[in-house]
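Colleague: Pasting entry_15.cif here (mmCIF, C-alpha atoms):
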```
data_my_file
#
loop_
_atom_site.label_atom_id
_atom_site.label_comp_id
_atom_site.auth_asym_id
_atom_site.auth_seq_id
_atom_site.Cartn_x
_atom_site.Cartn_y
_atom_site.Cartn_z
CA MET A 18 17.62 3.27 14.84
CA ILE A 19 14.27 2.12 13.46
CA ASP A 20 11.63 1.61 16.13
CA SER A 21 8.08 0.23 16.16
CA ALA A 22 6.67 3.70 15.47
CA THR A 23 8.42 3.68 12.11
CA GLN A 24 7.80 0.00 11.36
CA THR A 25 7.81 -0.61 7.62
CA GLU A 26 5.14 -2.77 6.07
CA SER A 27 7.05 -5.53 4.28
CA VAL A 28 10.43 -6.97 3.40
CA LEU A 29 11.22 -9.56 0.74
CA LEU A 30 14.24 -11.71 1.51
CA ALA A 31 16.03 -13.70 -1.22
CA GLU A 32 18.26 -16.26 0.48
CA ARG A 33 18.85 -19.99 -0.04
CA ASN A 34 20.53 -20.85 3.25
CA GLU A 35 17.83 -21.93 5.73
CA PHE A 36 20.03 -21.14 8.72
CA VAL A 37 20.55 -17.57 7.49
CA VAL A 38 16.82 -17.25 6.68
CA GLY A 39 15.93 -18.18 10.26
CA GLY A 40 18.24 -15.55 11.70
CA LEU A 41 17.08 -12.90 9.26
CA ARG A 42 13.41 -13.62 9.95
CA GLU A 43 14.07 -13.06 13.64
CA LEU A 44 16.16 -9.95 13.02
CA LEU A 45 13.76 -8.35 10.54
CA GLY A 46 10.53 -9.49 12.19
CA GLY A 47 10.68 -6.66 14.72
CA LEU A 48 11.00 -4.02 12.00
CA PHE A 49 8.55 -5.25 9.42
CA GLU A 50 4.91 -6.27 9.65
CA LYS A 51 5.51 -8.98 7.02
CA VAL A 52 8.66 -10.89 6.09
CA PHE A 53 8.47 -12.85 2.83
CA VAL A 54 11.18 -15.32 1.79
CA VAL A 55 12.16 -16.65 -1.64
CA SER A 56 15.11 -18.79 -2.63
CA ASP A 57 15.74 -18.12 -6.34
CA VAL A 58 15.72 -15.38 -8.98
CA ARG A 59 12.40 -16.29 -10.60
CA SER A 60 10.61 -16.37 -7.26
CA LEU A 61 12.16 -13.03 -6.35
CA GLN A 62 10.95 -11.45 -9.59
CA ASP A 63 7.44 -12.86 -9.16
CA ALA A 64 7.16 -11.97 -5.48
CA ALA A 65 8.50 -8.44 -5.99
CA ALA A 66 5.94 -7.78 -8.74
CA ARG A 67 3.06 -9.30 -6.77
CA LEU A 68 3.85 -8.14 -3.23
CA ARG A 69 5.52 -4.77 -3.92
CA PRO A 70 7.64 -4.88 -0.74
CA ASN A 71 9.09 -1.74 0.80
CA VAL A 72 12.49 -3.38 1.19
CA ILE A 73 14.24 -6.20 -0.67
CA VAL A 74 17.22 -7.93 0.92
CA MET A 75 18.93 -10.25 -1.56
CA ASP A 76 21.91 -12.53 -1.22
CA LEU A 77 24.26 -12.09 -4.18
CA ALA A 78 24.90 -15.85 -4.33
CA THR A 79 21.15 -16.58 -4.36
CA VAL A 80 20.60 -14.44 -7.44
CA ASP A 81 23.43 -16.24 -9.26
CA GLY A 82 25.30 -13.19 -10.52
CA ALA A 83 22.14 -11.67 -12.02
CA ALA A 84 22.08 -8.88 -9.43
CA PRO A 85 22.85 -5.81 -11.59
CA GLY A 86 20.16 -6.58 -14.16
CA LEU A 87 17.77 -7.77 -11.48
CA ILE A 88 18.19 -4.60 -9.44
CA ARG A 89 17.46 -2.49 -12.53
CA GLN A 90 14.38 -4.61 -13.25
CA LEU A 91 13.08 -4.26 -9.68
CA ARG A 92 13.35 -0.48 -10.07
CA VAL A 93 11.20 -0.29 -13.22
CA ASP A 94 7.75 -0.26 -11.63
CA ALA A 95 8.52 0.49 -8.00
CA ARG A 96 11.26 1.92 -5.82
CA PRO A 97 11.84 -0.62 -3.09
CA ILE A 98 14.92 -0.22 -0.99
CA VAL A 99 17.37 -2.85 -2.22
CA ILE A 100 20.08 -4.18 0.09
CA VAL A 101 22.50 -6.77 -1.31
CA LEU A 102 24.26 -9.26 0.95
CA THR A 103 27.61 -10.51 -0.27
CA GLN A 104 30.66 -12.46 0.80
CA HIS A 105 32.82 -10.37 -1.56
CA ASP A 106 34.65 -7.46 0.02
CA ALA A 107 36.17 -6.31 -3.27
CA PRO A 108 35.29 -2.66 -3.91
CA ASN A 109 34.50 -3.32 -7.57
CA VAL A 110 31.72 -5.76 -6.60
CA ALA A 111 30.08 -3.17 -4.34
CA LYS A 112 30.53 -0.43 -6.93
CA THR A 113 28.85 -2.56 -9.62
CA LEU A 114 25.89 -3.21 -7.31
CA LEU A 115 25.57 0.44 -6.31
CA ASP A 116 25.87 1.59 -9.93
CA ALA A 117 23.04 -0.82 -10.81
CA GLY A 118 20.84 0.89 -8.23
CA ALA A 119 21.35 -1.00 -4.97
CA ASP A 120 20.83 1.19 -1.92
CA GLY A 121 23.18 -0.80 0.25
CA VAL A 122 25.77 -3.55 0.26
CA VAL A 123 26.36 -5.56 3.44
CA LEU A 124 29.06 -8.19 3.93
CA LYS A 125 27.47 -11.46 5.04
CA HIS A 126 29.93 -11.96 7.88
CA ARG A 127 28.80 -8.54 9.25
CA LEU A 128 25.11 -9.22 8.71
CA ALA A 129 24.02 -9.38 12.34
CA ILE A 130 25.96 -6.21 13.14
CA GLU A 131 25.20 -4.09 10.08
CA LEU A 132 21.91 -5.03 8.39
CA LEU A 133 19.61 -3.00 10.63
CA THR A 134 22.02 -0.07 10.47
CA ALA A 135 22.09 -0.37 6.68
CA ILE A 136 18.30 -0.28 6.44
CA ASP A 137 18.09 2.64 8.85
CA THR A 138 20.82 4.56 6.99
CA VAL A 139 19.19 4.00 3.63
CA LEU A 140 15.81 5.15 4.97
CA GLU A 141 17.41 8.33 6.30
CA HIS A 142 20.33 9.13 3.98
CA GLY A 143 20.24 7.12 0.78
CA ARG A 144 23.11 4.59 0.67
CA TYR A 145 25.07 2.21 2.88
CA VAL A 146 28.26 0.26 2.28
CA SER A 147 29.53 -2.29 4.77
CA SER A 148 32.48 -1.09 6.82
CA GLY A 149 34.70 -3.83 5.40
CA ILE A 150 34.48 -2.46 1.85
CA ALA A 151 36.73 0.44 0.89
CA LEU A 152 34.93 2.18 -1.98
CA LYS A 153 37.09 5.30 -1.77
CA SER A 154 39.79 3.45 -3.69
CA LEU A 155 37.43 3.45 -6.68
CA GLY A 156 36.58 7.12 -6.38
CA SER A 157 33.11 6.54 -4.91
CA GLU A 158 32.01 7.63 -1.47
CA GLY A 159 30.23 4.97 0.61
#
```
Would you write out, as structure tokens, the structure that this file holds?
Modeller:
Amino acid sequence: MIDSATQTESVLLAERNEFVVGGLRELLGGLFEKVFVVSDVRSLQDAAARLRPNVIVMDLATVDGAAPGLIRQLRVDARPIVIVLTQHDAPNVAKTLLDAGADGVVLKHRLAIELLTAIDTVLEHGRYVSSGIALKSLGSEG
């Protein structure tokens, strides 16, 4: 697990729900020196370009279905780790996000249990898919 010796500089969080933002700030505050929060696509694009965070955690609902194109755009100038939070456990949703360049997909109802593990796994191994999503049925390992 990530510890203070490997603390990463910054995380950019795209989430509209203030209750979720509060919990995520607390959860991520111990891992990152800075936690930035935005609540819409335009703000995410602007903040990512300006702040160049090490990690971006975005809620699929917050980015209004623009996630695949947005992920590709975020990868043009920099290589932040991109973790997408979703309520959808359908394998095709996760596969679309991973194919677009997301490093991880975490189910929102497993957020408190899996987000830190997802970040740690991506930092060490490359990709993470929430345990509630069965990607093997689509021929992709998760």
Colleague: Which of these, A:Ser27, A:Gln90, A:Thr79, A:Ser147, has the shortest distance to Lys51 of chain A once you count all atoms listed in the file?
Modeller: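 Selected residue with least distance to Lys51 of chain A: A:Ser27.
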Colleague: Report, in Å to a single decimal, how far apart atom CA of Val80 of chain A and atom CA of Arg67 of chain A are.
Modeller: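 Between atom CA of Arg67 of chain A and atom CA of Val80 of chain A the gap is 18.3 Å.
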Colleague: Which segment 102-125 of chain A residues have any atom within 12 Å of an atom of segment 30-44 of chain A, and for each, what is the nearest pair of atoms with distance in Å to one decimal, counting all atoms listed in the file, rows sorted by chain and number, as a tab-separated table?
Modeller:
```
residue	atom	partner	partner_atom	distance
A:Leu102	CA	A:Glu32	CA	9.2
A:Thr103	CA	A:Glu32	CA	11.0
A:Lys125	CA	A:Val37	CA	9.6
```
Colleague: Any chance you can output those residues with C-alpha atoms as a PDB file, in the frame of the given file?
Modeller:
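Final output, result19.pdb:
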```pdb
ATOM      1  CA  LEU A 102      24.260  -9.260   0.950  1.00  0.00           C
ATOM      2  CA  THR A 103      27.610 -10.510  -0.270  1.00  0.00           C
ATOM      3  CA  LYS A 125      27.470 -11.460   5.040  1.00  0.00           C
TER       4      LYS A 125
END
```
Colleague: Apply the PyMOL selection byres ((chain A and resi 81) around 12) to the displayed file and report the matching residues as a PDB file with C-alpha atoms, in the coordinates of the input.
Modeller:
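Listing of selection_29.pdb after writing:
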```pdb
ATOM      1  CA  ALA A  31      16.030 -13.700  -1.220  1.00  0.00           C
ATOM      2  CA  GLU A  32      18.260 -16.260   0.480  1.00  0.00           C
ATOM      3  CA  ARG A  33      18.850 -19.990  -0.040  1.00  0.00           C
ATOM      4  CA  SER A  56      15.110 -18.790  -2.630  1.00  0.00           C
ATOM      5  CA  ASP A  57      15.740 -18.120  -6.340  1.00  0.00           C
ATOM      6  CA  VAL A  58      15.720 -15.380  -8.980  1.00  0.00           C
ATOM      7  CA  ARG A  59      12.400 -16.290 -10.600  1.00  0.00           C
ATOM      8  CA  MET A  75      18.930 -10.250  -1.560  1.00  0.00           C
ATOM      9  CA  ASP A  76      21.910 -12.530  -1.220  1.00  0.00           C
ATOM     10  CA  LEU A  77      24.260 -12.090  -4.180  1.00  0.00           C
ATOM     11  CA  ALA A  78      24.900 -15.850  -4.330  1.00  0.00           C
ATOM     12  CA  THR A  79      21.150 -16.580  -4.360  1.00  0.00           C
ATOM     13  CA  VAL A  80      20.600 -14.440  -7.440  1.00  0.00           C
ATOM     14  CA  GLY A  82      25.300 -13.190 -10.520  1.00  0.00           C
ATOM     15  CA  ALA A  83      22.140 -11.670 -12.020  1.00  0.00           C
ATOM     16  CA  ALA A  84      22.080  -8.880  -9.430  1.00  0.00           C
ATOM     17  CA  PRO A  85      22.850  -5.810 -11.590  1.00  0.00           C
ATOM     18  CA  GLY A  86      20.160  -6.580 -14.160  1.00  0.00           C
ATOM     19  CA  LEU A  87      17.770  -7.770 -11.480  1.00  0.00           C
ATOM     20  CA  THR A 103      27.610 -10.510  -0.270  1.00  0.00           C
TER      21      THR A 103
END
```
Colleague: Contacts of Val122 of chain A at 10 Å or less, counting only C-alpha atoms, minus same-chain residues fewer than 2 places along, as a count of residues only?
Modeller: 30
Colleague: With distances taken over all atoms listed in the file, which of A:Asp63, A:Asp116, A:Glu26, A:Asp94 is nearest to Leu48 of chain A?
Modeller: A:Glu26
Colleague: Using all atoms listed in the file, which of the listed residues (A:Val93, A:Ile88, A:Ala117, A:Ile98) sits closest to Glu141 of chain A?
Modeller: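 Once distances to Glu141 of chain A are computed over all atoms listed in the file, the minimum belongs to A:Ile98.
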Colleague: Nearest residue to Pro97 of chain A out of A:Val139, A:Pro70, A:Val52, A:Leu45, using only C-alpha atoms?
Modeller: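 Of the candidates, the smallest distance to Pro97 of chain A is held by A:Pro70.
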